[in-house]
>>> print(open('upload38.txt').read())   # compact mmCIF, C-alpha atoms
# COMPACT_ATOMS: atom_id res chain seq x y z
CA MET X 1 -40.04 -49.11 -79.33
CA PHE X 2 -39.06 -48.27 -82.88
CA ALA X 3 -39.20 -44.62 -83.84
CA VAL X 4 -41.76 -45.07 -86.57
CA ALA X 5 -45.10 -43.70 -87.59
CA LEU X 6 -48.59 -44.99 -88.36
CA LEU X 7 -50.68 -45.50 -91.46
CA THR X 8 -54.24 -46.62 -91.20
CA PRO X 9 -55.23 -49.27 -93.72
CA GLY X 10 -58.39 -47.30 -94.38
CA VAL X 11 -58.89 -44.24 -96.51
CA ALA X 12 -57.13 -40.98 -95.66
CA GLN X 13 -59.40 -37.94 -95.39
CA GLY X 14 -58.71 -34.31 -96.24
CA GLU X 15 -55.37 -32.60 -96.72
CA PRO X 16 -52.36 -33.90 -94.77
CA ASP X 17 -51.64 -32.03 -91.54
CA PRO X 18 -48.02 -32.84 -90.61
CA GLY X 19 -48.14 -30.64 -87.49
CA GLN X 20 -51.15 -32.44 -86.08
CA ALA X 21 -49.64 -35.80 -87.01
CA ASP X 22 -46.39 -34.93 -85.21
CA ALA X 23 -48.30 -33.82 -82.09
CA LEU X 24 -50.32 -37.06 -82.08
CA ALA X 25 -47.16 -39.13 -82.65
CA ALA X 26 -45.57 -37.39 -79.64
CA GLU X 27 -48.61 -38.34 -77.55
CA ALA X 28 -48.28 -41.91 -78.82
CA GLN X 29 -44.60 -42.03 -77.87
CA ALA X 30 -45.46 -40.82 -74.36
CA LEU X 31 -48.13 -43.51 -74.02
CA ALA X 32 -45.68 -46.17 -75.22
CA ALA X 33 -43.01 -44.94 -72.81
CA GLY X 34 -45.58 -45.45 -70.04
CA GLY X 35 -46.36 -49.00 -71.20
CA ASP X 36 -49.76 -48.21 -72.79
CA PHE X 37 -49.09 -49.79 -76.17
CA LEU X 38 -52.76 -50.10 -77.19
CA GLY X 39 -53.24 -46.39 -76.47
CA ALA X 40 -50.07 -45.65 -78.42
CA ALA X 41 -51.31 -47.67 -81.40
CA GLY X 42 -54.54 -45.67 -81.43
CA LYS X 43 -52.67 -42.34 -81.31
CA TYR X 44 -50.31 -43.44 -84.09
CA ARG X 45 -53.38 -44.46 -86.12
CA ASP X 46 -54.84 -40.98 -85.53
CA ALA X 47 -51.51 -39.44 -86.56
CA HIS X 48 -51.60 -41.43 -89.79
CA ALA X 49 -55.14 -40.22 -90.47
CA ALA X 50 -53.83 -36.65 -90.11
CA ASP X 51 -50.83 -37.29 -92.40
CA PRO X 52 -50.60 -40.73 -94.09
CA ARG X 53 -46.85 -41.24 -93.76
CA PRO X 54 -45.53 -44.82 -93.86
CA ASP X 55 -43.43 -44.35 -90.73
CA LEU X 56 -46.61 -43.78 -88.74
CA LEU X 57 -48.14 -46.98 -90.11
CA CYS X 58 -45.07 -48.90 -89.00
CA ASN X 59 -45.38 -47.48 -85.49
CA VAL X 60 -48.96 -48.68 -85.27
CA GLY X 61 -47.80 -52.20 -86.06
CA VAL X 62 -44.93 -52.02 -83.60
CA ALA X 63 -47.22 -50.74 -80.85
CA PHE X 64 -49.71 -53.56 -81.47
CA HIS X 65 -46.82 -56.03 -81.41
CA LYS X 66 -45.64 -54.70 -78.06
CA ALA X 67 -49.27 -54.90 -76.81
CA ARG X 68 -49.24 -58.58 -77.90
CA ASP X 69 -52.15 -57.99 -80.27
CA LEU X 70 -50.73 -60.25 -82.96
CA PRO X 71 -53.55 -60.01 -85.56
CA ARG X 72 -53.43 -56.22 -85.68
CA ALA X 73 -49.61 -56.20 -85.49
CA GLN X 74 -49.55 -58.44 -88.58
CA LEU X 75 -52.05 -56.22 -90.37
CA TYR X 76 -50.20 -52.95 -89.78
CA LEU X 77 -46.66 -54.31 -90.13
CA GLY X 78 -47.70 -55.80 -93.47
CA GLN X 79 -49.05 -52.42 -94.57
CA CYS X 80 -45.80 -50.82 -93.38
CA LEU X 81 -43.77 -53.15 -95.57
CA THR X 82 -46.06 -52.57 -98.54
CA ARG X 83 -46.04 -48.78 -98.30
CA GLY X 84 -42.71 -48.10 -96.63
CA GLY X 85 -40.30 -48.52 -99.55
CA SER X 86 -38.83 -45.06 -98.97
CA LEU X 87 -37.99 -45.77 -95.32
CA ASP X 88 -34.50 -46.61 -94.07
CA PRO X 89 -33.49 -50.08 -95.36
CA GLY X 90 -32.14 -51.12 -91.95
CA PHE X 91 -35.39 -50.19 -90.30
CA LEU X 92 -37.38 -52.10 -92.92
CA ALA X 93 -35.18 -55.16 -92.33
CA SER X 94 -36.08 -54.97 -88.62
CA VAL X 95 -39.77 -54.65 -89.49
CA ARG X 96 -39.53 -57.68 -91.80
CA ALA X 97 -38.00 -59.72 -88.99
CA VAL X 98 -40.74 -58.72 -86.53
CA PHE X 99 -43.41 -59.35 -89.19
CA ALA X 100 -42.05 -62.86 -89.82
CA ALA X 101 -41.97 -63.60 -86.08
CA VAL X 102 -45.57 -62.36 -85.70
CA GLU X 103 -46.75 -64.56 -88.57
CA ASP X 104 -44.94 -67.57 -87.07
CA GLN X 105 -46.68 -66.94 -83.73
CA LEU X 106 -50.06 -66.59 -85.47
CA ARG X 107 -49.58 -69.85 -87.39
CA ALA X 108 -48.61 -71.67 -84.18
CA GLY X 109 -51.38 -70.15 -82.06
CA GLU X 110 -55.14 -70.31 -82.02
CA PHE X 111 -55.56 -68.04 -85.03
CA ALA X 112 -56.57 -68.51 -88.66
CA PRO X 113 -56.07 -66.46 -91.81
CA VAL X 114 -59.32 -65.13 -93.25
CA ASP X 115 -59.27 -63.82 -96.82
CA VAL X 116 -61.95 -61.12 -97.09
CA THR X 117 -62.77 -60.04 -100.65
CA PRO X 118 -65.78 -57.73 -100.71
CA GLU X 119 -67.70 -56.81 -103.83
CA PRO X 120 -67.59 -54.04 -104.94
CA ALA X 121 -63.80 -54.02 -104.70
CA GLY X 122 -63.69 -50.63 -102.95
CA ALA X 123 -66.01 -51.65 -100.11
CA ALA X 124 -64.86 -51.04 -96.54
CA PHE X 125 -65.17 -53.60 -93.79
CA THR X 126 -64.65 -53.98 -90.10
CA VAL X 127 -64.17 -57.14 -88.06
CA ASP X 128 -65.29 -57.17 -84.44
CA ALA X 129 -61.94 -58.59 -83.30
CA PHE X 130 -60.31 -55.29 -84.34
CA GLY X 131 -61.11 -51.75 -83.25
CA VAL X 132 -63.54 -49.40 -84.93
CA GLY X 133 -60.54 -47.43 -86.24
CA ASP X 134 -59.27 -50.52 -88.06
CA ALA X 135 -61.61 -50.23 -91.04
CA LEU X 136 -60.14 -51.88 -94.11
CA VAL X 137 -60.82 -51.15 -97.76
CA GLY X 138 -60.83 -53.76 -100.48
CA ALA X 139 -59.55 -57.32 -100.36
CA ARG X 140 -57.44 -58.15 -97.30
CA LEU X 141 -56.05 -61.15 -95.51
CA VAL X 142 -56.67 -60.81 -91.78
CA TRP X 143 -55.74 -63.16 -88.96
CA LEU X 144 -58.46 -63.80 -86.40
CA PRO X 145 -58.41 -65.64 -83.09
CA PHE X 146 -60.50 -68.75 -82.66
CA GLY X 147 -64.05 -67.86 -81.73
CA HIS X 148 -67.18 -66.16 -83.01
CA HIS X 149 -66.77 -63.08 -85.23
CA ALA X 150 -68.85 -60.50 -87.04
CA LEU X 151 -67.96 -58.80 -90.31
CA HIS X 152 -69.60 -55.52 -91.35
CA VAL X 153 -69.18 -54.34 -94.97
CA THR X 154 -70.20 -50.98 -96.44
CA ALA X 155 -69.84 -49.03 -99.70
CA ASP X 156 -71.44 -45.85 -100.96
CA GLY X 157 -74.58 -46.62 -102.96
CA TYR X 158 -74.91 -50.16 -101.53
CA LEU X 159 -76.82 -51.74 -98.68
CA PRO X 160 -74.60 -52.67 -95.71
CA PHE X 161 -73.81 -56.35 -95.30
CA ASP X 162 -73.28 -58.18 -92.01
CA ILE X 163 -72.21 -61.77 -91.49
CA GLU X 164 -71.31 -63.76 -88.40
CA PHE X 165 -68.96 -66.71 -88.59
CA ASP X 166 -66.83 -68.96 -86.41
CA VAL X 167 -63.08 -69.57 -86.59
CA ALA X 168 -62.36 -72.96 -85.04
CA THR X 169 -59.34 -74.29 -86.97
CA ARG X 170 -56.10 -72.91 -88.38
CA ASP X 171 -57.34 -73.51 -91.93
CA ARG X 172 -57.44 -70.52 -94.25
CA ARG X 173 -60.97 -69.29 -94.81
CA ALA X 174 -62.40 -67.14 -97.62
CA LEU X 175 -65.25 -64.68 -97.19
CA ARG X 176 -66.69 -63.08 -100.32
CA PRO X 177 -69.39 -60.64 -99.19
CA ARG X 178 -71.36 -59.20 -102.11
CA LEU X 179 -73.20 -55.96 -101.46
CA LEU X 180 -76.53 -55.15 -103.09
CA ARG X 181 -77.45 -51.74 -104.50
>>> encode(input="upload38.txt", output="structure tokens")
Amino acid sequence: MFAVALLTPGVAQGEPDPGQADALAAEAQALAAGGDFLGAAGKYRDAHAADPRPDLLCNVGVAFHKARDLPRAQLYLGQCLTRGGSLDPGFLASVRAVFAAVEDQLRAGEFAPVDVTPEPAGAAFTVDAFGVGDALVGARLVWLPFGHHALHVTADGYLPFDIEFDVATRDRRALRPRLLR
């Protein structure tokens, strides 16, 4: 596994706590060493919530990749590449290669890209195919496996919005949920 850290695509809360993040990252590394890559991804995500460093975000993506959870690997590796400009260039080249391989596998598999653009722009959403900790803010492209899905969108001062939909082809799909006050 890469020696990287996690960033959650959601909103960071409170002041950064590097000590707590390092302790959680150590727990994640131990889980990964034992083959529990989903557990490691969750711990790296928690570490990123404690201290939103790009290296932690990258580790989340790598852990999901090793767990063969391609949609979440794509999500977090993409965030790593977006936010990780200060990371080692050689490491970022490796992440780009893994990201490209993940996207190739998604395009060839039973997955489809879904472009979610909530209104208001700062609304948060979750997709049932991801974990509760994978809340996303604003417009995002997510890859979802074929099947039935539920999207839940929230924003302060607005009524929550829920929609169910099916993904049955590889065609790109757009969802534009508009929240009401």
>>> closest_residue(input="upload38.txt", among="X:Pro145, X:Pro160, X:Gly78, X:Gly61", to="Pro118 of chain X", atoms="all atoms listed in the file")
X:Pro160
>>> residues_around(input="upload38.txt", residues="Leu77 of chain X", least_positions_apart="5", cutoff="10 Å", atoms="all atoms listed in the file", output="PyMOL selection string")
chain X and resi 6-7+57-65+72+82-84+92+95-96+98-100+102
>>> closest_residue(input="upload38.txt", among="X:Thr126, X:Trp143, X:Gly85, X:Leu136", to="Glu103 of chain X", atoms="all atoms listed in the file")
X:Trp143
>>> closest_residue(input="upload38.txt", among="X:Ala108, X:Ala150, X:Val132, X:Leu24", to="Arg170 of chain X", atoms="all atoms listed in the file")
X:Ala108
>>> closest_residue(input="upload38.txt", among="X:Cys80, X:Ala67, X:Ala23, X:Leu179", to="Asp36 of chain X", atoms="all atoms listed in the file")
X:Ala67
